[in-house]
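Chemist: Sending over a structure as structure tokens; questions will come in a sec.
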Amino acid sequence: MISSAIVERYARAIFELGVESGQLEHLSAQLRDLSALFATSRELRMVGENPLIPDDQRDAVLKELGGRLGVGDLALNTVRLLARRRRLSALPDIAKRLGGLADEKAGVVRAKVVSAAPLSEDFYTKLAQKLEAKTRMKVVIEREQDPSLIAGVVTKIGDNTIDGSLRGRLSAMERNLLQARV
């Protein structure tokens with residue numbers, strides 16, 4: 001397991017390189033995509049993490065992968081460096097932290113909206129406007145559906161959660177009833 005201090009150090013260094021080169025947003029997106037690729041490909045993880053595979057062969061595979069995917073030099077060199085230092089398993093955490101740093105710099109905050117059923121575009125537009133007014137930042141909404149909510153919406157923005165779901169209200173009612181019994 002890679003420590004959070006190491007993740008933070010790599011993410012900050014990559015962030016600074018992205019800012020210097022003017023490619024921060026592009027770099028962040030490419031590392032996020034590469035991270036998702038590594039997460040879904042068992043074979044790629046084996047090549048990247050197996051200490052029995054010589055470094056030059058691993059590097060050649062990563063270069064070929066980068067070329068096929070059209071990955072920029074900065075993102076490819078980042079992944080190659082992580083592979084050489086046996087830190088490729090930290091790529092998802094590094095990509096996530098880098099995305100957070102890029103969002104901070106751009107004045108963007110991400111909100112996750114989980115609903116029981118599909119919601120209209122109008123709802124998301126109005127919600128984004130209200131959240132932007134409260135946070136004074138641009139809000140990007142990530143959408144998800146969870147039928148177990150029964151009805152309603154749960155909104156997570158940063159460390160704050162606003163639970164407007166029926167499941168959440170039923171749970172709160174249950175807690176109140178149990179406390180009243182005691």
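Please note that chains go A, B, ... in the order of the structure tokens, that every chain numbers its residues from 1, and that ligands are numbered from 1 in the order shown.
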Neighbouring residues of stretch 57-73 of chain A were defined as those with any atom within 9 Å, considering only C-alpha atoms; residues of the same chain fewer than 3 positions away were excluded. Please report them as a VMD selection string.

Modeler: chain A and resid 26 to 27 30 to 31 34 47 to 48 53 to 54 76 to 80 83 to 84

Chemist: Restricting the calculation to only C-alpha atoms: of A:Ala111, A:Arg143, A:Asn50, A:Arg167, which residue gets closest to A:Ala128?

Modeler: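 Checking each of A:Ala111, A:Arg143, A:Asn50, A:Arg167 against A:Ala128, counting only C-alpha atoms, the winner is A:Ala111.
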
Chemist: As a ChimeraX atom specification, which residues of chain A does DSSP assign to helix (DSSP H, G or I)?

Modeler: /A:4-21,24-40,42-49,55-69,73-84,88-106,121-135,147-149,166-181

Chemist: Have a look at atom CA of A:Glu49 and atom CA of A:Ile2 and let me know their distance in Å, one decimal.

Modeler: 13.3 Å

Chemist: Tell me which protein, DNA and RNA residues are within 10 Å of stretch 18-21 of chain A, counting only C-alpha atoms, leaving out same-chain ones fewer than 5 positions away, and put them as an NGL selection string.

Modeler: :A and (12-13 or 26-28 or 74-75 or 98 or 102 or 105)

Chemist: Dump N, CA and C atoms for the selected residues as a tab-separated table (two decimals), in the first residue's frame?

Modeler:
chain	number	residue	atom	x	y	z
A	12	ARG	N	1.43	16.57	-6.49
A	12	ARG	CA	1.86	17.98	-6.50
A	12	ARG	C	2.92	18.22	-7.56
A	13	ALA	N	3.87	17.29	-7.69
A	13	ALA	CA	4.93	17.44	-8.70
A	13	ALA	C	4.34	17.41	-10.11
A	26	HIS	N	-5.46	18.76	-19.62
A	26	HIS	CA	-5.23	17.64	-20.53
A	26	HIS	C	-4.47	16.51	-19.83
A	27	LEU	N	-3.44	16.87	-19.08
A	27	LEU	CA	-2.63	15.89	-18.35
A	27	LEU	C	-3.47	15.16	-17.31
A	28	SER	N	-4.28	15.90	-16.59
A	28	SER	CA	-5.14	15.30	-15.57
A	28	SER	C	-6.11	14.30	-16.20
A	74	LEU	N	4.04	14.02	-21.52
A	74	LEU	CA	4.06	14.27	-20.08
A	74	LEU	C	3.34	13.17	-19.31
A	75	ALA	N	2.17	12.78	-19.77
A	75	ALA	CA	1.42	11.71	-19.11
A	75	ALA	C	2.14	10.38	-19.26
A	98	LEU	N	-4.56	14.58	-8.33
A	98	LEU	CA	-4.22	15.56	-9.36
A	98	LEU	C	-5.49	16.22	-9.90
A	102	ALA	N	-6.28	20.17	-9.82
A	102	ALA	CA	-6.64	20.90	-11.05
A	102	ALA	C	-7.99	21.60	-10.88
A	105	LYS	N	-7.53	24.72	-8.74
A	105	LYS	CA	-6.92	25.80	-9.50
A	105	LYS	C	-7.92	26.45	-10.44

Chemist: Return the single residue from A:Lys112, A:Lys138, A:Arg169, A:Arg42 that is closest to A:Gly152, with distances computed using only C-alpha atoms.

Modeler: A:Arg169

Chemist: Work out how far apart atom CA of A:Met173 and atom CA of A:Pro147 are and give it in Å to one decimal.

Modeler: 19.9 Å
